[in-house]
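> Provided herewith is a single structure, encoded as structure tokens, for subsequent inquiry.
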Protein chains: 2
Amino acid sequence: MLDAALLDDLAGRVGQRWLATDPADTANHAHDWWPRLLMRRRAGEDLPVPDAVVTPGTRGELVEVVRWCDANDVAIVPFGAGTGVCGGAAPVAGAVTVDLKRLNAIGELDEVSGTIVVEPGVIAQTLEDHLAHRGWTLGHFPSSIHCSTMGGFLAIRSAGQASSFYGKLEDMVVALDVVLADGSLFSTRPVPQSAAGPDLTRLFLGGEGTTGIVAGATLRVWPAPAVAVDRGFLVPDVRTGLDAIRAVMRTGLRPTIVRLYDETDTALVFGGQGLEVPQGCLVIIGCEGDEDVAGFTAGVVRRILGEHGAEDLGPEPGANWRAHRHNMSYRFAEYMKPGGTFGDALMLDTMEVAGTWAVLPGLYDDVRAALSEHADLVLAHFSHVYPEGGSIYFTLGAVNDGDEARALDRYDAAWDAGQRAALAAGGTTSHHHGIGLLRAPYLREELGEVGFDVLRRVKDALDPKGLLNPGKLGLGGGGADGA
Amino acid sequence: MLDAALLDDLAGRVGQRWLATDPADTANHAHDWWPRLLMRRRAGEDLPVPDAVVTPGTRGELVEVVRWCDANDVAIVPFGAGTGVCGGAAPVAGAVTVDLKRLNAIGELDEVSGTIVVEPGVIAQTLEDHLAHRGWTLGHFPSSIHCSTMGGFLAIRSAGQASSFYGKLEDMVVALDVVLADGSLFSTRPVPQSAAGPDLTRLFLGGEGTTGIVAGATLRVWPAPAVAVDRGFLVPDVRTGLDAIRAVMRTGLRPTIVRLYDETDTALVFGGQGLEVPQGCLVIIGCEGDEDVAGFTAGVVRRILGEHGAEDLGPEPGANWRAHRHNMSYRFAEYMKPGGTFGDALMLDTMEVAGTWAVLPGLYDDVRAALSEHADLVLAHFSHVYPEGGSIYFTLGAVNDGDEARALDRYDAAWDAGQRAALAAGGTTSHHHGIGLLRAPYLREELGEVGFDVLRRVKDALDPKGLLNPGKLGLGGGGADGA
């Protein structure tokens with residue numbers, strides 16, 4: 001535990017008001033939205049709280065805080081909005097949680113280059129609103145856009161629902177500012193592409209705060225599209241849907257939204273609207289841009305889907321999806337509260353994996369089968385596609401008749417089975433939620449012994465004292481609780 | 001110098017035939033195509049040769065060679081085809097040069113995923129031929145495609161002439177195999193995208209062999225486009241051309257080829273064909289794909305260029321460019337030979353830099369002015385564009401009346417002035433040729449003190465003995481000669 005004199009000294013860096021040590025104040029930082037932590041809280045367990053939560057108001061103060069931690073050998077847990085779902089912002093014994101929410105400035109919009117500068121505490125929807133007001137868009141639309149920060153999204157290599165056009169967030173990064181473990185600030189140049197050595201921004205994107213703390217970024221933005229042409233289709237099965245989508249991606253055109261729901265998820269989508277549930281799988285493809293470009297792309301999509309025997313459902317499925325697409329994530333913590341919407345011992349989570357086109361059908365079958373051994377309900381959609389493959393987003397749920405211990409056991413068993421199945425099928429363990437504490441054992445397996453050693457060496461080189469978010473990604477010790 | 005017993009031991013790893021120590025045999029590895037080395041050779045200087053050149057025939061032999069170097073504290077210089085232009089493959093005193101040309105297998109073409117597996121010694125054109133025979137393309141068309149290897153291109157983050165559609169080579173990497181300094185093999189999983197920690201492939205792409213030796217890659221490929229619709233335009237000046245191209249990129253469509261020649265380069269293009277030289281700047285834009293997609297994209301391009309006051313020159317400029325686009329690089333070493341095509345004391349080189357759209361016009365003016373202080377001829381084209389900016393490819397030349405010392409002095413002065421101007425204007429020092437020995441001082445400036453320290457720490461973590469291509473990127477010692 002940090003002693004009072006030390007904490008007083010830390011408070012001097014940011015002002016007393018921005019240092020919290022009372023457990024009533026630090027309880028908000030006792031967890032992120034990793035369901036396992038929420039389940040433990042719901043079961044009545046007292047989750048450990050950080051020794052202190054410090055909330056710097058400027059980048060200079062952030063640097064001061066990190067320098068102070070380095071000088072005093074105190075570990076640091078960076079915290080955005082606390083909505084990560086893998087425990088990446090979970091507290092560590094003896095550590096200071098650094099809340100980045102006050103670093104929420106939106107800087108210059110460069111309308112010539114198409115770039116904007118942001119601080120890590122900016123909520124993604126706030127940034128979209130700021131841009132929309134000026135006729136621009138970042139194109140990063142994760143389902144949690146209303147409740148999560150850009151810093152968190154950058155740290156875990158997030159992807160939004162429009163990634164088929166705009167790419168993953170890491171691919172929108174034109175420049176990055178990072179505070180290193182010793183408090184020095186590393187700012188890369190805003191350039192479109194370079195061959196000036198390795199791309200060092202990639203050490204921190206996906207580093208989840210273990211290699212440095214994201215202090216800002218210059219991101220690529222686009223003029224807001226004039227029109228969006230969405231269309232729903234019904235295909236006989238998952239494999240036909242994947243074939244059709246692959247054919248669309250092979251044209252070189254880029255629809256913005258590409259979604260394929262498996263039979264169970266399709267039933268939920270139609271049933272949830274009180275509609276008759278059709279046989280088959282729903283596909284939603286949205287094309288955006290100027291009227292001519294969006295219209296042409298949508299025409300090619302329609303032709304290719306038709307060639308694959310798809311039934312054209314018109315614009316309604318897309319409109320319905322857009323109307324509700326941000327509903328779930330925002331309410332997630334609510335579902336997992338004591339006495340939450342679905343009862344007390346609900347197990348509920350999502351697992352996003354990815355693979356090449358050749359891998360995807362088997363990846364879908366195997367992960368689904370593995371999860372189904374431990375969950376009452378497993379549904380999936382394919383929602384981020386690339387020329388060489390895509391991701392699968394599984395939702396898994398189980399009701400446990402008030403038995404929280406059983407819920408936790410089933411949770412652990414489902415994750416272990418699902419992640420091992422993903423690796424065995426040739427996929428990656430995570431497409432856009434990251435590693436945190438949850439996936440640390442599977443990351444190790446994914447990278448292999450040599451690869452994990454590369455990661456560990458890089459970590460040790462950049463953070464020799466092991467102070468940056470210890471325990472996350474399976475790196476460093478730090479007494480991380482929660483696993 | 002390596003003693004005979006050691007070299008015998010090394011020969012045992014690959015077979016005596018594949019270890020060369022006679023200077024008559026190792027002279028081919030005394031330089032790459034860095035013009036400064038070619039100029040020194042031309043001036044009659046005896047360039048140092050490697051102590052030994054070893055040419056492993058399998059990945060297993062490569063691993064054995066690296067292990068041997070690690071065990072005996074011998075430095076390693078990886079060597080592909082030796083056509084790099086920055087001294088990245090220049091020998092180092094006491095080091096072994098590892099020639100990768102026998103690791104030239106082309107592996108499985110996965111037509112479902114759209115990926116292919118390659119070894120580092122494969123010549124890029126060989127790979128294109130292999131793919132073309134099967135109806136596919138990698139889309140990597142550097143001007144040196146006939147004479148350079150995939151391993152070299154990967155190590156320096158190369159870009160081909162069709163990068164506006166296909167991206168830079170680093171963005172085509174689905175998986176990477178790397179031999180680390182201790183001889184262990186690190187293979188990443190072939191996945192389309194991931195959030196499983198930082199993208200560790202990026203430590204090696206752009207590492208130029210200083211962090212590991214690229215031993216193979218899985219690359220994204222595309223069905224060969226059915227048609228190519230090329231069109232030339234004439235715009236009044238560089239700035240108008242940039243505005244028009246930016247407007248094209250903002251549509252979200254992706255032409256494959258985008259080239260803008262400045263007035264001097266335009267004069268050379270037309271004059272070289274015996275045509276009347278027009279006022280203004282030549283633009284060539286090529287659109288590829290299925291007939292409908294290429295045709296639609298070309299139509300949008302034509303409309304936008306027209307809106308910017310461009311004169312439509314029809315398909316001829318594109319056809320002419322395609323016919324001659326690989327002529328120059330292949331012959332480059334010829335120009336720089338004693339008694340070469342343009343006389344004995346020619347200074348000739350290219351410098352590719354990049355910047356965001358807001359930076360590009362000033363970057364062009366400033367680098368051009370800086371180079372013009374030291375060169376007789378400076379011409380430029382813009383040939384790789386992205387949504388947020390692009391690159392400029394300067395060619396600089398000077399004739400020096402047989403005075404080689406003067407040629408070298410002018411060379412050094414031109415590079416120093418050009419690189420400093422690029423940094424001052426907000427650009428990056430290299431878009432796709434890399435750093436090698438040539439740009440090491442400017443890389444340090446580009447990354448800044450903190451950033452270079454990050455690079456140095458990563459290097460030390462991955463190569464604690466400093467055996468991998470020492471001196472390149474300004475990393476490690478190793479007594480690198482040539483600067």
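Ordered as shown in the structure tokens, chains take letters A, B, and onward, while each chain numbers its residues from 1 and ligands are numbered from 1 in the order shown.
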Give me the residues within 6 Å of range 451-468 of chain B as a PDB file with C-alpha atoms, in the first residue's frame, counting only C-alpha atoms and dropping any in the same chain fewer than 4 places off.

ATOM      1  CA  PHE A 186       7.527   9.831 -27.892  1.00  0.00           C
ATOM      2  CA  ARG A 457      11.783  -8.796 -24.500  1.00  0.00           C
ATOM      3  CA  VAL A 458      10.233  -5.733 -26.112  1.00  0.00           C
ATOM      4  CA  ALA A 461      13.244  -3.105 -23.030  1.00  0.00           C
TER       5      ALA A 461
ATOM      6  CA  ALA B  75      28.117 -10.453 -37.359  1.00  0.00           C
ATOM      7  CA  ILE B  76      25.717 -11.258 -40.214  1.00  0.00           C
ATOM      8  CA  ALA B 181      19.610 -13.367 -33.659  1.00  0.00           C
ATOM      9  CA  THR B 210      18.863  -5.442 -37.849  1.00  0.00           C
ATOM     10  CA  THR B 211      16.142  -7.078 -35.721  1.00  0.00           C
ATOM     11  CA  ARG B 444      17.854   9.648 -35.916  1.00  0.00           C
ATOM     12  CA  LEU B 447      12.564   9.758 -34.767  1.00  0.00           C
ATOM     13  CA  GLY B 476      25.085  -1.202 -33.479  1.00  0.00           C
TER      14      GLY B 476
END
> Name the residues in contact with Gly318 in chain A at a cut-off of 7 Å, using only C-alpha atoms, excluding same-chain residues fewer than 2 positions from it; report them as a short mmCIF file (atom, residue, chain, number, x, y, z; two decimals) with all heavy atoms, in the first residue's frame.

data_model
loop_
_atom_site.label_atom_id
_atom_site.label_comp_id
_atom_site.auth_asym_id
_atom_site.auth_seq_id
_atom_site.Cartn_x
_atom_site.Cartn_y
_atom_site.Cartn_z
N ASP A 230 -28.12 0.80 -47.91
CA ASP A 230 -28.08 -0.49 -47.20
C ASP A 230 -29.05 -1.46 -47.85
O ASP A 230 -30.12 -1.07 -48.34
CB ASP A 230 -28.51 -0.31 -45.74
CG ASP A 230 -27.61 0.65 -44.99
OD1 ASP A 230 -26.42 0.74 -45.35
OD2 ASP A 230 -28.09 1.31 -44.05
N ARG A 231 -28.68 -2.72 -47.80
CA ARG A 231 -29.57 -3.73 -48.37
C ARG A 231 -29.42 -5.03 -47.58
O ARG A 231 -28.32 -5.43 -47.24
CB ARG A 231 -29.21 -3.96 -49.84
CG ARG A 231 -30.34 -4.54 -50.63
CD ARG A 231 -30.56 -3.81 -51.96
NE ARG A 231 -31.89 -4.08 -52.45
CZ ARG A 231 -32.77 -3.15 -52.75
NH1 ARG A 231 -32.46 -1.88 -52.63
NH2 ARG A 231 -33.97 -3.48 -53.18
N GLY A 232 -30.57 -5.66 -47.30
CA GLY A 232 -30.55 -6.95 -46.64
C GLY A 232 -30.77 -8.06 -47.66
O GLY A 232 -31.41 -7.87 -48.70
N ILE A 284 -26.38 -8.23 -44.30
CA ILE A 284 -26.62 -6.79 -44.48
C ILE A 284 -25.35 -6.19 -45.06
O ILE A 284 -24.26 -6.38 -44.51
CB ILE A 284 -26.96 -6.10 -43.15
CG1 ILE A 284 -28.27 -6.65 -42.57
CG2 ILE A 284 -27.08 -4.58 -43.35
CD1 ILE A 284 -28.60 -6.13 -41.18
N PRO A 315 -34.25 -2.54 -48.28
CA PRO A 315 -33.47 -1.72 -47.34
C PRO A 315 -33.83 -1.90 -45.86
O PRO A 315 -33.07 -1.47 -45.00
CB PRO A 315 -33.79 -0.28 -47.78
CG PRO A 315 -35.08 -0.38 -48.53
CD PRO A 315 -35.19 -1.77 -49.07
N GLU A 316 -34.95 -2.55 -45.53
CA GLU A 316 -35.41 -2.57 -44.13
C GLU A 316 -34.42 -3.20 -43.15
O GLU A 316 -34.21 -2.63 -42.07
CB GLU A 316 -36.78 -3.27 -44.02
CG GLU A 316 -37.94 -2.51 -44.63
CD GLU A 316 -37.99 -2.63 -46.16
OE1 GLU A 316 -37.27 -3.50 -46.69
OE2 GLU A 316 -38.72 -1.86 -46.80
N ASN A 320 -33.17 -1.17 -39.86
CA ASN A 320 -33.43 -1.66 -38.50
C ASN A 320 -32.13 -1.85 -37.73
O ASN A 320 -32.02 -1.47 -36.57
CB ASN A 320 -34.18 -3.00 -38.59
CG ASN A 320 -34.43 -3.57 -37.21
OD1 ASN A 320 -35.17 -2.99 -36.42
ND2 ASN A 320 -33.77 -4.68 -36.90
N TRP A 321 -31.14 -2.39 -38.42
CA TRP A 321 -29.85 -2.59 -37.74
C TRP A 321 -29.25 -1.24 -37.32
O TRP A 321 -28.79 -1.08 -36.20
CB TRP A 321 -28.88 -3.34 -38.66
CG TRP A 321 -27.50 -3.37 -38.10
CD1 TRP A 321 -27.05 -4.14 -37.06
CD2 TRP A 321 -26.40 -2.55 -38.50
NE1 TRP A 321 -25.73 -3.86 -36.79
CE2 TRP A 321 -25.31 -2.89 -37.66
CE3 TRP A 321 -26.22 -1.57 -39.49
CZ2 TRP A 321 -24.05 -2.28 -37.78
CZ3 TRP A 321 -24.97 -0.97 -39.60
CH2 TRP A 321 -23.91 -1.32 -38.75
N ARG A 322 -29.28 -0.26 -38.24
CA ARG A 322 -28.71 1.04 -37.90
C ARG A 322 -29.42 1.67 -36.69
O ARG A 322 -28.80 2.32 -35.86
CB ARG A 322 -28.80 2.00 -39.09
CG ARG A 322 -27.72 1.76 -40.12
CD ARG A 322 -27.65 2.87 -41.16
NE ARG A 322 -26.84 2.43 -42.29
CZ ARG A 322 -25.55 2.78 -42.47
NH1 ARG A 322 -24.95 3.58 -41.62
NH2 ARG A 322 -24.88 2.32 -43.50
#
> Taking into account only C-alpha atoms, which residue in the set B:Val300, B:Ala358, B:Ala20, B:Ala413 is nearest to Val191 in chain A?
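For Val191 in chain A, the nearest of the candidates is B:Ala358.
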> Within 10 Å of Gly151 in chain A, counting only C-alpha atoms, which residues qualify if same-chain residues fewer than 3 places away don't, as a list in words?
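The neighbour list is Pro78, Phe79, Gly80, Ala81, Leu100, Lys101, Leu103, Asn104, Val118, Glu119, Pro120, Gly121, Val122, Ile123, Ala124, Ser148, Leu154, Ala155, Ile156, Leu205, Glu208, Gly209, Ile213, Val214, Ala215, Gly216 and Ala217 of chain A.
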> Take the residues just selected and output them with N, CA, C and O atoms as a compact mmCIF listing (two decimals), in the first residue's frame.

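Output (part.txt):
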# COMPACT_ATOMS: atom_id res chain seq x y z
N PRO A 78 -3.43 2.31 -16.75
CA PRO A 78 -4.16 3.34 -17.50
C PRO A 78 -5.64 2.96 -17.58
O PRO A 78 -5.97 1.79 -17.74
N PHE A 79 -6.50 3.97 -17.50
CA PHE A 79 -7.94 3.73 -17.43
C PHE A 79 -8.62 4.79 -18.30
O PHE A 79 -8.42 5.98 -18.12
N GLY A 80 -9.40 4.34 -19.29
CA GLY A 80 -10.13 5.28 -20.13
C GLY A 80 -11.53 5.46 -19.59
O GLY A 80 -11.76 6.17 -18.62
N ALA A 81 -12.50 4.75 -20.21
CA ALA A 81 -13.85 4.79 -19.67
C ALA A 81 -14.17 3.50 -18.91
O ALA A 81 -15.27 3.34 -18.40
N LEU A 100 -7.74 8.72 -17.60
CA LEU A 100 -7.36 9.65 -18.68
C LEU A 100 -8.52 10.51 -19.17
O LEU A 100 -8.40 11.20 -20.17
N LYS A 101 -9.64 10.47 -18.45
CA LYS A 101 -10.85 11.11 -19.00
C LYS A 101 -10.74 12.62 -19.19
O LYS A 101 -11.43 13.18 -20.02
N LEU A 103 -8.12 14.17 -20.25
CA LEU A 103 -7.33 14.45 -21.47
C LEU A 103 -8.24 14.22 -22.66
O LEU A 103 -8.14 13.21 -23.37
N ASN A 104 -9.16 15.13 -22.85
CA ASN A 104 -10.22 14.89 -23.82
C ASN A 104 -10.33 16.01 -24.85
O ASN A 104 -11.41 16.30 -25.37
N VAL A 118 -6.40 13.92 -31.63
CA VAL A 118 -7.26 13.65 -30.47
C VAL A 118 -6.44 13.25 -29.26
O VAL A 118 -5.36 12.68 -29.39
N GLU A 119 -7.00 13.52 -28.10
CA GLU A 119 -6.41 13.04 -26.86
C GLU A 119 -7.09 11.72 -26.47
O GLU A 119 -8.17 11.39 -26.96
N PRO A 120 -6.47 10.96 -25.55
CA PRO A 120 -6.97 9.60 -25.30
C PRO A 120 -8.31 9.54 -24.59
O PRO A 120 -9.03 8.55 -24.73
N GLY A 121 -8.68 10.60 -23.84
CA GLY A 121 -9.91 10.53 -23.06
C GLY A 121 -11.16 10.88 -23.83
O GLY A 121 -12.27 10.88 -23.27
N VAL A 122 -11.04 11.18 -25.12
CA VAL A 122 -12.20 11.57 -25.92
C VAL A 122 -13.10 10.34 -26.14
O VAL A 122 -12.63 9.30 -26.60
N ILE A 123 -14.37 10.48 -25.82
CA ILE A 123 -15.35 9.43 -26.12
C ILE A 123 -15.52 9.37 -27.64
O ILE A 123 -15.61 10.40 -28.30
N ALA A 124 -15.58 8.18 -28.19
CA ALA A 124 -15.60 8.04 -29.65
C ALA A 124 -16.78 8.76 -30.29
O ALA A 124 -16.65 9.37 -31.36
N SER A 148 -17.06 4.59 -24.74
CA SER A 148 -15.65 4.19 -24.66
C SER A 148 -14.76 5.27 -25.26
O SER A 148 -15.19 6.08 -26.07
N LEU A 154 -7.45 2.66 -29.17
CA LEU A 154 -6.12 2.58 -29.78
C LEU A 154 -5.27 1.51 -29.10
O LEU A 154 -4.55 0.75 -29.75
N ALA A 155 -5.37 1.47 -27.78
CA ALA A 155 -4.52 0.55 -27.01
C ALA A 155 -4.85 -0.91 -27.30
O ALA A 155 -4.00 -1.79 -27.12
N ILE A 156 -6.10 -1.20 -27.72
CA ILE A 156 -6.46 -2.61 -27.96
C ILE A 156 -6.66 -2.94 -29.44
O ILE A 156 -7.13 -4.02 -29.77
N LEU A 205 0.16 0.25 -30.23
CA LEU A 205 -1.17 -0.14 -30.66
C LEU A 205 -1.30 -1.63 -30.40
O LEU A 205 -0.55 -2.43 -30.97
N GLU A 208 -1.92 -2.30 -25.02
CA GLU A 208 -2.84 -2.21 -23.88
C GLU A 208 -2.17 -1.56 -22.66
O GLU A 208 -2.43 -1.95 -21.52
N GLY A 209 -1.34 -0.57 -22.94
CA GLY A 209 -0.71 0.16 -21.84
C GLY A 209 0.47 -0.54 -21.20
O GLY A 209 1.03 -0.03 -20.23
N ILE A 213 1.89 4.57 -22.59
CA ILE A 213 0.51 5.03 -22.44
C ILE A 213 0.18 5.97 -23.60
O ILE A 213 0.87 6.98 -23.81
N VAL A 214 -0.84 5.63 -24.36
CA VAL A 214 -1.24 6.46 -25.50
C VAL A 214 -1.70 7.83 -25.00
O VAL A 214 -2.65 7.92 -24.21
N ALA A 215 -1.01 8.87 -25.43
CA ALA A 215 -1.31 10.22 -24.95
C ALA A 215 -1.95 11.08 -26.02
O ALA A 215 -2.34 12.23 -25.77
N GLY A 216 -2.10 10.54 -27.22
CA GLY A 216 -2.71 11.30 -28.30
C GLY A 216 -2.45 10.62 -29.63
O GLY A 216 -1.62 9.72 -29.72
N ALA A 217 -3.21 11.03 -30.63
CA ALA A 217 -3.03 10.43 -31.95
C ALA A 217 -3.49 11.41 -33.02
O ALA A 217 -4.37 12.25 -32.77
> What are the closest atom pairs, with distances in Å to one decimal, for each residue of chain A lying within 6 Å of chain B, using only C-alpha atoms, rows by chain and rising residue number, as JSON lines?

{"residue": "A:Val112", "atom": "CA", "partner": "B:Ala358", "partner_atom": "CA", "distance": 5.5}
{"residue": "A:Ser113", "atom": "CA", "partner": "B:Trp357", "partner_atom": "CA", "distance": 4.5}
{"residue": "A:Gly114", "atom": "CA", "partner": "B:Glu388", "partner_atom": "CA", "distance": 5.6}
{"residue": "A:Arg157", "atom": "CA", "partner": "B:Ala195", "partner_atom": "CA", "distance": 5.4}
{"residue": "A:Phe186", "atom": "CA", "partner": "B:Gly451", "partner_atom": "CA", "distance": 5.7}
{"residue": "A:Val191", "atom": "CA", "partner": "B:Gly355", "partner_atom": "CA", "distance": 5.1}
{"residue": "A:Pro192", "atom": "CA", "partner": "B:Gly389", "partner_atom": "CA", "distance": 5.5}
{"residue": "A:Ser194", "atom": "CA", "partner": "B:His431", "partner_atom": "CA", "distance": 4.4}
{"residue": "A:Ala195", "atom": "CA", "partner": "B:His431", "partner_atom": "CA", "distance": 4.9}
{"residue": "A:Ala196", "atom": "CA", "partner": "B:Ser430", "partner_atom": "CA", "distance": 5.4}
{"residue": "A:Gly197", "atom": "CA", "partner": "B:Gly206", "partner_atom": "CA", "distance": 4.6}
{"residue": "A:Pro198", "atom": "CA", "partner": "B:Gly206", "partner_atom": "CA", "distance": 4.2}
{"residue": "A:Leu203", "atom": "CA", "partner": "B:Pro198", "partner_atom": "CA", "distance": 5.7}
{"residue": "A:Leu205", "atom": "CA", "partner": "B:Pro198", "partner_atom": "CA", "distance": 5.9}
{"residue": "A:Gly206", "atom": "CA", "partner": "B:Pro198", "partner_atom": "CA", "distance": 4.2}
{"residue": "A:Gly207", "atom": "CA", "partner": "B:Pro198", "partner_atom": "CA", "distance": 5.4}
{"residue": "A:Gly355", "atom": "CA", "partner": "B:Val191", "partner_atom": "CA", "distance": 5.1}
{"residue": "A:Thr356", "atom": "CA", "partner": "B:Ser113", "partner_atom": "CA", "distance": 5.5}
{"residue": "A:Trp357", "atom": "CA", "partner": "B:Ser113", "partner_atom": "CA", "distance": 4.5}
{"residue": "A:Ala358", "atom": "CA", "partner": "B:Ser113", "partner_atom": "CA", "distance": 5.3}
{"residue": "A:Glu388", "atom": "CA", "partner": "B:Ser113", "partner_atom": "CA", "distance": 4.9}
{"residue": "A:Gly389", "atom": "CA", "partner": "B:Pro192", "partner_atom": "CA", "distance": 5.5}
{"residue": "A:Ser430", "atom": "CA", "partner": "B:Ala195", "partner_atom": "CA", "distance": 5.2}
{"residue": "A:His431", "atom": "CA", "partner": "B:Ser194", "partner_atom": "CA", "distance": 4.4}
{"residue": "A:His432", "atom": "CA", "partner": "B:Ala195", "partner_atom": "CA", "distance": 4.9}
{"residue": "A:Gly434", "atom": "CA", "partner": "B:Ala195", "partner_atom": "CA", "distance": 5.0}
{"residue": "A:Val450", "atom": "CA", "partner": "B:Phe186", "partner_atom": "CA", "distance": 5.8}
{"residue": "A:Gly451", "atom": "CA", "partner": "B:Phe186", "partner_atom": "CA", "distance": 5.8}
{"residue": "A:Arg457", "atom": "CA", "partner": "B:Ala461", "partner_atom": "CA", "distance": 5.6}
{"residue": "A:Val458", "atom": "CA", "partner": "B:Val458", "partner_atom": "CA", "distance": 5.8}
{"residue": "A:Ala461", "atom": "CA", "partner": "B:Arg457", "partner_atom": "CA", "distance": 5.6}
> Extract the full set of strand (DSSP E) residues from range 39-220 of chain A according to DSSP on the backbone, and format it as a ChimeraX atom specification.
/A:52-54,76-79,96-99,106-110,115-118,136-137,173-179,185-187,213-220
> How would you write, as a PyMOL selection string, the set of residues in range 17-197 of chain A that DSSP gives as alpha helix (DSSP H)?
chain A and resi 23-26+35-42+59-72+124-133+150-155+163-166
> Which distance in Å separates CA of Arg13 in chain B and CA of Trp33 in chain B, to one decimal?
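It comes out at 29.1 Å.
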> Quick one: residues within 12 Å of range 308-314 of chain B, only C-alpha atoms, excluding same-chain residues fewer than 5 positions away - as number ranges by chain?
B: 229-248, 278-286, 298, 301-303, 319-320
> Hey, which of B:Pro23, B:Gly418, B:Pro361, B:Gly397 ends up closest to Val49 in chain B? Count only C-alpha atoms.
B:Pro23
> Tell me, in Å to one decimal, how far CA of Pro50 in chain A is from CA of Ala93 in chain A.
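Result for CA of Pro50 in chain A versus CA of Ala93 in chain A: 6.8 Å, one decimal.
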> When you draw a straight line from CA of Leu62 in chain B to CA of Leu475 in chain B, how long is it in Å?
22.7 Å
> Looking at B:Val277, B:Met351, B:Leu305, B:Ala43, which one is nearest to Glu263 in chain B, with distances taken over only C-alpha atoms?
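For Glu263 in chain B, the nearest of the candidates is B:Val277.
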> For Val96 in chain A, find every residue with an atom within 12 Å (counting only C-alpha atoms), except residues of its own chain fewer than 6 positions away, and show them as a PyMOL selection string.
chain A and resi 1-2+6-7+10-11+19-21+26+29-30+49-55+65-66+68-70+72-79+89-90+467-470+478
